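Enquirer: There's a structure below that I have some questions on.
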Amino acid sequence: QVQVVESGGGLVQAGGSLRLSCAASASIFSINAMSWYRQAPGKQRELVATITSDGRRGYADSVKGRFTISRDNAKNSVYLQMNSLKPEDTAVYLCWCGTISGHFWGQGTQVTVSS
């Protein structure tokens with residue numbers, strides 16, 4: 001069983017920044033990709049950003065140019081730098097870890113952007 005733990009959420013004003021962190025207990029050699037999803041109340045879960053084991057990145061159109069995903073292989077961690085935040089970015093942000101033995105979710109961290 002892989003443990004996935006997020007941190008870094010909080011309350012920020014529109015235009016501000018936050019950095020989310022996600023640490024996975026799996027060996028980095030077993031991780032294929034790590035992603036950030038978000039889910040707002042009454043809405044479907046949305047893929048925000050993905051980074052693969054070879055460093056390829058992908059973003060939702062709604063966050064391109066504002067969010068940056070990165071990873072630290074030595075720490076089995078992935079980060080999401082969120083700049084120019086908007087009220088519509090308010091959601092629970094969840095980390096997803098895809099490994100050779102399955103995929104695993106974190107519990108999520110709340111991000112609230114006030115207008």
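FYI, nothing fancy with the structure tokens labels: chains A, B, ... in order, residues from 1 per chain, ligands from 1 as they appear.
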I'd like the contact shell of A:Leu47 - 8 Å cut-off, only C-alpha atoms, skipping same-chain residues fewer than 3 positions apart - returned as a ChimeraX atom specification.

Expert: /A:35-38,50,59-60

Enquirer: Using N, CA, C and O atoms, can you export the residues from the last selection as an mmCIF file, in the first residue's frame?

Expert:
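The resulting part28.cif:
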```cif
data_model
loop_
_atom_site.group_PDB
_atom_site.id
_atom_site.type_symbol
_atom_site.label_atom_id
_atom_site.label_comp_id
_atom_site.auth_asym_id
_atom_site.auth_seq_id
_atom_site.Cartn_x
_atom_site.Cartn_y
_atom_site.Cartn_z
ATOM 1 N N SER A 35 -0.022 13.105 -10.466
ATOM 2 C CA SER A 35 -0.926 14.137 -10.963
ATOM 3 C C SER A 35 -1.603 14.871 -9.814
ATOM 4 O O SER A 35 -1.708 14.338 -8.703
ATOM 5 N N TRP A 36 -2.071 16.047 -10.140
ATOM 6 C CA TRP A 36 -2.944 16.804 -9.243
ATOM 7 C C TRP A 36 -4.336 16.880 -9.883
ATOM 8 O O TRP A 36 -4.453 17.211 -11.067
ATOM 9 N N TYR A 37 -5.329 16.560 -9.096
ATOM 10 C CA TYR A 37 -6.719 16.734 -9.474
ATOM 11 C C TYR A 37 -7.338 17.751 -8.510
ATOM 12 O O TYR A 37 -6.770 18.052 -7.455
ATOM 13 N N ARG A 38 -8.521 18.243 -8.883
ATOM 14 C CA ARG A 38 -9.258 19.081 -7.955
ATOM 15 C C ARG A 38 -10.746 18.796 -8.090
ATOM 16 O O ARG A 38 -11.211 18.382 -9.147
ATOM 17 N N THR A 50 -0.215 16.913 -14.714
ATOM 18 C CA THR A 50 0.415 15.600 -14.638
ATOM 19 C C THR A 50 1.896 15.738 -14.953
ATOM 20 O O THR A 50 2.281 16.551 -15.799
ATOM 21 N N TYR A 59 -1.132 20.009 -18.649
ATOM 22 C CA TYR A 59 -1.961 20.882 -17.826
ATOM 23 C C TYR A 59 -3.368 21.006 -18.421
ATOM 24 O O TYR A 59 -3.553 20.947 -19.642
ATOM 25 N N ALA A 60 -4.315 21.240 -17.526
ATOM 26 C CA ALA A 60 -5.651 21.606 -17.986
ATOM 27 C C ALA A 60 -5.575 23.003 -18.595
ATOM 28 O O ALA A 60 -4.782 23.845 -18.155
#
```

Enquirer: Running DSSP on the backbone, which parts of stretch 1-113 of chain A land in strand (DSSP E), as an mmCIF file with N, CA, C and O atoms, in the first residue's frame?

Expert:
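Heads up, here's the output in result.cif:
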```cif
data_model
loop_
_atom_site.group_PDB
_atom_site.id
_atom_site.type_symbol
_atom_site.label_atom_id
_atom_site.label_comp_id
_atom_site.auth_asym_id
_atom_site.auth_seq_id
_atom_site.Cartn_x
_atom_site.Cartn_y
_atom_site.Cartn_z
ATOM 1 N N VAL A 4 -0.058 8.422 0.259
ATOM 2 C CA VAL A 4 0.081 9.676 -0.481
ATOM 3 C C VAL A 4 -0.448 10.793 0.419
ATOM 4 O O VAL A 4 -1.602 10.739 0.853
ATOM 5 N N VAL A 5 0.391 11.778 0.694
ATOM 6 C CA VAL A 5 0.023 12.827 1.642
ATOM 7 C C VAL A 5 0.257 14.198 1.024
ATOM 8 O O VAL A 5 1.370 14.501 0.582
ATOM 9 N N GLU A 6 -0.812 14.994 0.985
ATOM 10 C CA GLU A 6 -0.718 16.354 0.452
ATOM 11 C C GLU A 6 -0.580 17.366 1.589
ATOM 12 O O GLU A 6 -1.014 17.105 2.720
ATOM 13 N N SER A 7 -0.031 18.520 1.245
ATOM 14 C CA SER A 7 0.043 19.633 2.186
ATOM 15 C C SER A 7 0.157 20.930 1.404
ATOM 16 O O SER A 7 0.427 20.908 0.196
ATOM 17 N N GLY A 10 -4.735 26.237 1.679
ATOM 18 C CA GLY A 10 -5.058 27.327 2.573
ATOM 19 C C GLY A 10 -5.966 28.342 1.915
ATOM 20 O O GLY A 10 -6.542 28.085 0.859
ATOM 21 N N LEU A 11 -6.072 29.502 2.555
ATOM 22 C CA LEU A 11 -6.905 30.598 2.073
ATOM 23 C C LEU A 11 -6.008 31.694 1.514
ATOM 24 O O LEU A 11 -5.041 32.102 2.173
ATOM 25 N N VAL A 12 -6.318 32.151 0.321
ATOM 26 C CA VAL A 12 -5.511 33.183 -0.315
ATOM 27 C C VAL A 12 -6.432 34.117 -1.093
ATOM 28 O O VAL A 12 -7.506 33.702 -1.547
ATOM 29 N N GLN A 13 -6.021 35.351 -1.239
ATOM 30 C CA GLN A 13 -6.799 36.302 -2.025
ATOM 31 C C GLN A 13 -6.552 36.081 -3.512
ATOM 32 O O GLN A 13 -5.502 35.568 -3.915
ATOM 33 N N LEU A 18 -0.003 29.902 -4.082
ATOM 34 C CA LEU A 18 0.149 28.826 -3.116
ATOM 35 C C LEU A 18 1.005 27.736 -3.750
ATOM 36 O O LEU A 18 1.013 27.588 -4.983
ATOM 37 N N ARG A 19 1.674 26.979 -2.909
ATOM 38 C CA ARG A 19 2.453 25.839 -3.385
ATOM 39 C C ARG A 19 1.994 24.592 -2.636
ATOM 40 O O ARG A 19 2.103 24.530 -1.413
ATOM 41 N N LEU A 20 1.499 23.638 -3.399
ATOM 42 C CA LEU A 20 1.065 22.373 -2.821
ATOM 43 C C LEU A 20 2.185 21.343 -2.930
ATOM 44 O O LEU A 20 2.940 21.340 -3.904
ATOM 45 N N SER A 21 2.260 20.483 -1.930
ATOM 46 C CA SER A 21 3.248 19.409 -1.926
ATOM 47 C C SER A 21 2.546 18.070 -1.768
ATOM 48 O O SER A 21 1.509 17.975 -1.108
ATOM 49 N N CYS A 22 3.137 17.053 -2.357
ATOM 50 C CA CYS A 22 2.596 15.693 -2.249
ATOM 51 C C CYS A 22 3.765 14.737 -2.112
ATOM 52 O O CYS A 22 4.661 14.740 -2.960
ATOM 53 N N ALA A 23 3.741 13.935 -1.069
ATOM 54 C CA ALA A 23 4.794 12.943 -0.842
ATOM 55 C C ALA A 23 4.197 11.553 -0.922
ATOM 56 O O ALA A 23 3.146 11.278 -0.329
ATOM 57 N N ALA A 24 4.873 10.674 -1.665
ATOM 58 C CA ALA A 24 4.411 9.292 -1.807
ATOM 59 C C ALA A 24 5.418 8.349 -1.153
ATOM 60 O O ALA A 24 6.623 8.580 -1.228
ATOM 61 N N ILE A 31 7.144 4.460 -9.671
ATOM 62 C CA ILE A 31 6.145 5.484 -10.001
ATOM 63 C C ILE A 31 6.206 5.805 -11.484
ATOM 64 O O ILE A 31 7.260 6.146 -12.005
ATOM 65 N N ASN A 32 5.064 5.705 -12.147
ATOM 66 C CA ASN A 32 4.983 6.036 -13.567
ATOM 67 C C ASN A 32 4.642 7.508 -13.780
ATOM 68 O O ASN A 32 5.181 8.154 -14.665
ATOM 69 N N ALA A 33 3.740 8.010 -12.976
ATOM 70 C CA ALA A 33 3.312 9.396 -13.116
ATOM 71 C C ALA A 33 2.665 9.846 -11.816
ATOM 72 O O ALA A 33 2.200 9.033 -11.019
ATOM 73 N N MET A 34 2.651 11.153 -11.637
ATOM 74 C CA MET A 34 1.941 11.747 -10.509
ATOM 75 C C MET A 34 1.152 12.930 -11.031
ATOM 76 O O MET A 34 1.596 13.643 -11.941
ATOM 77 N N SER A 35 -0.022 13.105 -10.466
ATOM 78 C CA SER A 35 -0.926 14.137 -10.963
ATOM 79 C C SER A 35 -1.603 14.871 -9.814
ATOM 80 O O SER A 35 -1.708 14.338 -8.703
ATOM 81 N N TRP A 36 -2.071 16.047 -10.140
ATOM 82 C CA TRP A 36 -2.944 16.804 -9.243
ATOM 83 C C TRP A 36 -4.336 16.880 -9.883
ATOM 84 O O TRP A 36 -4.453 17.211 -11.067
ATOM 85 N N TYR A 37 -5.329 16.560 -9.096
ATOM 86 C CA TYR A 37 -6.719 16.734 -9.474
ATOM 87 C C TYR A 37 -7.338 17.751 -8.510
ATOM 88 O O TYR A 37 -6.770 18.052 -7.455
ATOM 89 N N ARG A 38 -8.521 18.243 -8.883
ATOM 90 C CA ARG A 38 -9.258 19.081 -7.955
ATOM 91 C C ARG A 38 -10.746 18.796 -8.090
ATOM 92 O O ARG A 38 -11.211 18.382 -9.147
ATOM 93 N N GLN A 39 -11.440 19.026 -7.001
ATOM 94 C CA GLN A 39 -12.885 18.827 -7.003
ATOM 95 C C GLN A 39 -13.538 19.935 -6.193
ATOM 96 O O GLN A 39 -13.279 20.084 -4.994
ATOM 97 N N GLU A 46 -11.577 17.039 -11.547
ATOM 98 C CA GLU A 46 -10.927 17.555 -12.748
ATOM 99 C C GLU A 46 -9.415 17.348 -12.666
ATOM 100 O O GLU A 46 -8.800 17.658 -11.645
ATOM 101 N N LEU A 47 -8.830 16.840 -13.747
ATOM 102 C CA LEU A 47 -7.380 16.708 -13.817
ATOM 103 C C LEU A 47 -6.774 18.091 -14.022
ATOM 104 O O LEU A 47 -7.133 18.787 -14.981
ATOM 105 N N VAL A 48 -5.845 18.466 -13.167
ATOM 106 C CA VAL A 48 -5.228 19.786 -13.225
ATOM 107 C C VAL A 48 -3.865 19.726 -13.909
ATOM 108 O O VAL A 48 -3.575 20.519 -14.808
ATOM 109 N N ALA A 49 -3.021 18.797 -13.485
ATOM 110 C CA ALA A 49 -1.664 18.721 -14.034
ATOM 111 C C ALA A 49 -1.092 17.333 -13.795
ATOM 112 O O ALA A 49 -1.430 16.675 -12.814
ATOM 113 N N THR A 50 -0.215 16.913 -14.714
ATOM 114 C CA THR A 50 0.415 15.600 -14.638
ATOM 115 C C THR A 50 1.896 15.738 -14.953
ATOM 116 O O THR A 50 2.281 16.551 -15.799
ATOM 117 N N ILE A 51 2.709 14.919 -14.291
ATOM 118 C CA ILE A 51 4.121 14.823 -14.637
ATOM 119 C C ILE A 51 4.490 13.352 -14.660
ATOM 120 O O ILE A 51 4.178 12.600 -13.731
ATOM 121 N N THR A 52 5.141 12.932 -15.742
ATOM 122 C CA THR A 52 5.497 11.530 -15.901
ATOM 123 C C THR A 52 6.887 11.251 -15.332
ATOM 124 O O THR A 52 7.617 12.169 -14.946
ATOM 125 N N ARG A 57 5.183 16.994 -18.911
ATOM 126 C CA ARG A 57 4.143 17.679 -18.143
ATOM 127 C C ARG A 57 2.918 17.947 -19.001
ATOM 128 O O ARG A 57 3.025 18.158 -20.209
ATOM 129 N N GLY A 58 1.782 17.944 -18.361
ATOM 130 C CA GLY A 58 0.536 18.296 -19.040
ATOM 131 C C GLY A 58 -0.341 19.079 -18.092
ATOM 132 O O GLY A 58 -0.300 18.871 -16.865
ATOM 133 N N TYR A 59 -1.132 20.009 -18.649
ATOM 134 C CA TYR A 59 -1.961 20.882 -17.826
ATOM 135 C C TYR A 59 -3.368 21.006 -18.421
ATOM 136 O O TYR A 59 -3.553 20.947 -19.642
ATOM 137 N N PHE A 67 -0.177 27.641 -13.401
ATOM 138 C CA PHE A 67 0.261 26.557 -12.516
ATOM 139 C C PHE A 67 1.467 25.852 -13.116
ATOM 140 O O PHE A 67 1.569 25.704 -14.342
ATOM 141 N N THR A 68 2.351 25.376 -12.239
ATOM 142 C CA THR A 68 3.517 24.612 -12.674
ATOM 143 C C THR A 68 3.668 23.380 -11.786
ATOM 144 O O THR A 68 3.713 23.498 -10.557
ATOM 145 N N ILE A 69 3.756 22.226 -12.431
ATOM 146 C CA ILE A 69 3.980 20.980 -11.692
ATOM 147 C C ILE A 69 5.450 20.608 -11.790
ATOM 148 O O ILE A 69 6.082 20.794 -12.835
ATOM 149 N N SER A 70 5.991 20.114 -10.689
ATOM 150 C CA SER A 70 7.391 19.690 -10.671
ATOM 151 C C SER A 70 7.531 18.501 -9.731
ATOM 152 O O SER A 70 6.601 18.202 -8.957
ATOM 153 N N ARG A 71 8.663 17.830 -9.803
ATOM 154 C CA ARG A 71 8.863 16.686 -8.923
ATOM 155 C C ARG A 71 10.289 16.641 -8.415
ATOM 156 O O ARG A 71 11.206 17.155 -9.052
ATOM 157 N N ASP A 72 10.443 16.032 -7.250
ATOM 158 C CA ASP A 72 11.747 15.816 -6.643
ATOM 159 C C ASP A 72 11.875 14.311 -6.442
ATOM 160 O O ASP A 72 11.298 13.747 -5.511
ATOM 161 N N SER A 77 8.431 13.103 -4.309
ATOM 162 C CA SER A 77 7.446 14.161 -4.104
ATOM 163 C C SER A 77 7.129 14.897 -5.399
ATOM 164 O O SER A 77 7.952 14.948 -6.316
ATOM 165 N N VAL A 78 5.950 15.462 -5.426
ATOM 166 C CA VAL A 78 5.526 16.301 -6.534
ATOM 167 C C VAL A 78 4.946 17.582 -5.949
ATOM 168 O O VAL A 78 4.402 17.572 -4.841
ATOM 169 N N TYR A 79 5.089 18.665 -6.687
ATOM 170 C CA TYR A 79 4.656 19.971 -6.213
ATOM 171 C C TYR A 79 3.769 20.635 -7.259
ATOM 172 O O TYR A 79 3.882 20.349 -8.455
ATOM 173 N N LEU A 80 2.925 21.533 -6.795
ATOM 174 C CA LEU A 80 2.102 22.322 -7.704
ATOM 175 C C LEU A 80 2.214 23.779 -7.273
ATOM 176 O O LEU A 80 1.687 24.168 -6.234
ATOM 177 N N GLN A 81 2.926 24.553 -8.068
ATOM 178 C CA GLN A 81 3.034 25.987 -7.814
ATOM 179 C C GLN A 81 1.868 26.665 -8.518
ATOM 180 O O GLN A 81 1.725 26.546 -9.734
ATOM 181 N N MET A 82 1.053 27.366 -7.744
ATOM 182 C CA MET A 82 -0.149 27.987 -8.285
ATOM 183 C C MET A 82 -0.035 29.492 -8.130
ATOM 184 O O MET A 82 0.036 30.007 -7.010
ATOM 185 N N ALA A 91 -11.161 24.695 -4.492
ATOM 186 C CA ALA A 91 -11.497 23.269 -4.574
ATOM 187 C C ALA A 91 -10.649 22.494 -3.569
ATOM 188 O O ALA A 91 -9.708 23.050 -2.986
ATOM 189 N N VAL A 92 -10.979 21.228 -3.418
ATOM 190 C CA VAL A 92 -10.082 20.296 -2.745
ATOM 191 C C VAL A 92 -9.128 19.756 -3.800
ATOM 192 O O VAL A 92 -9.572 19.259 -4.842
ATOM 193 N N TYR A 93 -7.849 19.873 -3.532
ATOM 194 C CA TYR A 93 -6.829 19.403 -4.466
ATOM 195 C C TYR A 93 -6.297 18.060 -3.980
ATOM 196 O O TYR A 93 -5.878 17.925 -2.818
ATOM 197 N N LEU A 94 -6.329 17.091 -4.891
ATOM 198 C CA LEU A 94 -5.928 15.730 -4.541
ATOM 199 C C LEU A 94 -4.740 15.287 -5.380
ATOM 200 O O LEU A 94 -4.674 15.565 -6.584
ATOM 201 N N CYS A 95 -3.854 14.579 -4.737
ATOM 202 C CA CYS A 95 -2.672 14.043 -5.418
ATOM 203 C C CYS A 95 -2.941 12.590 -5.795
ATOM 204 O O CYS A 95 -3.469 11.811 -5.001
ATOM 205 N N TRP A 96 -2.553 12.249 -7.016
ATOM 206 C CA TRP A 96 -2.701 10.879 -7.533
ATOM 207 C C TRP A 96 -1.341 10.349 -7.895
ATOM 208 O O TRP A 96 -0.530 11.059 -8.526
ATOM 209 N N CYS A 97 -1.074 9.113 -7.499
ATOM 210 C CA CYS A 97 0.226 8.497 -7.762
ATOM 211 C C CYS A 97 -0.006 7.190 -8.508
ATOM 212 O O CYS A 97 -0.670 6.284 -7.984
ATOM 213 N N GLY A 98 0.515 7.092 -9.719
ATOM 214 C CA GLY A 98 0.388 5.882 -10.518
ATOM 215 C C GLY A 98 1.671 5.076 -10.470
ATOM 216 O O GLY A 98 2.730 5.585 -10.832
ATOM 217 N N THR A 99 1.565 3.850 -10.005
ATOM 218 C CA THR A 99 2.750 3.006 -9.882
ATOM 219 C C THR A 99 2.564 1.732 -10.683
ATOM 220 O O THR A 99 1.493 1.466 -11.226
ATOM 221 N N GLY A 102 -0.342 -0.273 -9.175
ATOM 222 C CA GLY A 102 -1.663 0.318 -9.008
ATOM 223 C C GLY A 102 -1.579 1.816 -8.819
ATOM 224 O O GLY A 102 -0.503 2.405 -8.879
ATOM 225 N N HIS A 103 -2.762 2.431 -8.620
ATOM 226 C CA HIS A 103 -2.752 3.868 -8.411
ATOM 227 C C HIS A 103 -3.345 4.183 -7.036
ATOM 228 O O HIS A 103 -4.181 3.441 -6.515
ATOM 229 N N PHE A 104 -2.905 5.312 -6.490
ATOM 230 C CA PHE A 104 -3.251 5.653 -5.116
ATOM 231 C C PHE A 104 -3.557 7.138 -5.007
ATOM 232 O O PHE A 104 -2.966 7.963 -5.718
ATOM 233 N N TRP A 105 -4.492 7.464 -4.105
ATOM 234 C CA TRP A 105 -4.928 8.843 -3.907
ATOM 235 C C TRP A 105 -4.568 9.331 -2.510
ATOM 236 O O TRP A 105 -4.567 8.556 -1.552
ATOM 237 N N THR A 109 -6.243 18.420 -0.044
ATOM 238 C CA THR A 109 -5.981 19.633 0.729
ATOM 239 C C THR A 109 -6.841 20.757 0.156
ATOM 240 O O THR A 109 -6.954 20.903 -1.062
ATOM 241 N N GLN A 110 -7.463 21.518 1.032
ATOM 242 C CA GLN A 110 -8.409 22.552 0.607
ATOM 243 C C GLN A 110 -7.670 23.813 0.166
ATOM 244 O O GLN A 110 -6.790 24.306 0.884
ATOM 245 N N VAL A 111 -8.051 24.317 -0.985
ATOM 246 C CA VAL A 111 -7.572 25.614 -1.467
ATOM 247 C C VAL A 111 -8.788 26.513 -1.636
ATOM 248 O O VAL A 111 -9.732 26.155 -2.347
ATOM 249 N N THR A 112 -8.757 27.649 -0.978
ATOM 250 C CA THR A 112 -9.853 28.612 -1.067
ATOM 251 C C THR A 112 -9.300 29.958 -1.511
ATOM 252 O O THR A 112 -8.378 30.480 -0.881
ATOM 253 N N VAL A 113 -9.853 30.479 -2.604
ATOM 254 C CA VAL A 113 -9.413 31.758 -3.156
ATOM 255 C C VAL A 113 -10.551 32.755 -2.992
ATOM 256 O O VAL A 113 -11.635 32.557 -3.553
#
```

Enquirer: Mind checking DSSP for chain A and telling me the helix (DSSP H, G or I) residues as a ChimeraX atom specification?

Expert: /A:28-30,73-75,87-89

Enquirer: For A:Asn76, which residue out of A:Ser115, A:Ser101, A:Ser17, A:Ser53 is the nearest one, using only C-alpha atoms?

Expert: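 Of A:Ser115, A:Ser101, A:Ser17, A:Ser53, the one nearest A:Asn76, counting only C-alpha atoms, is A:Ser53.
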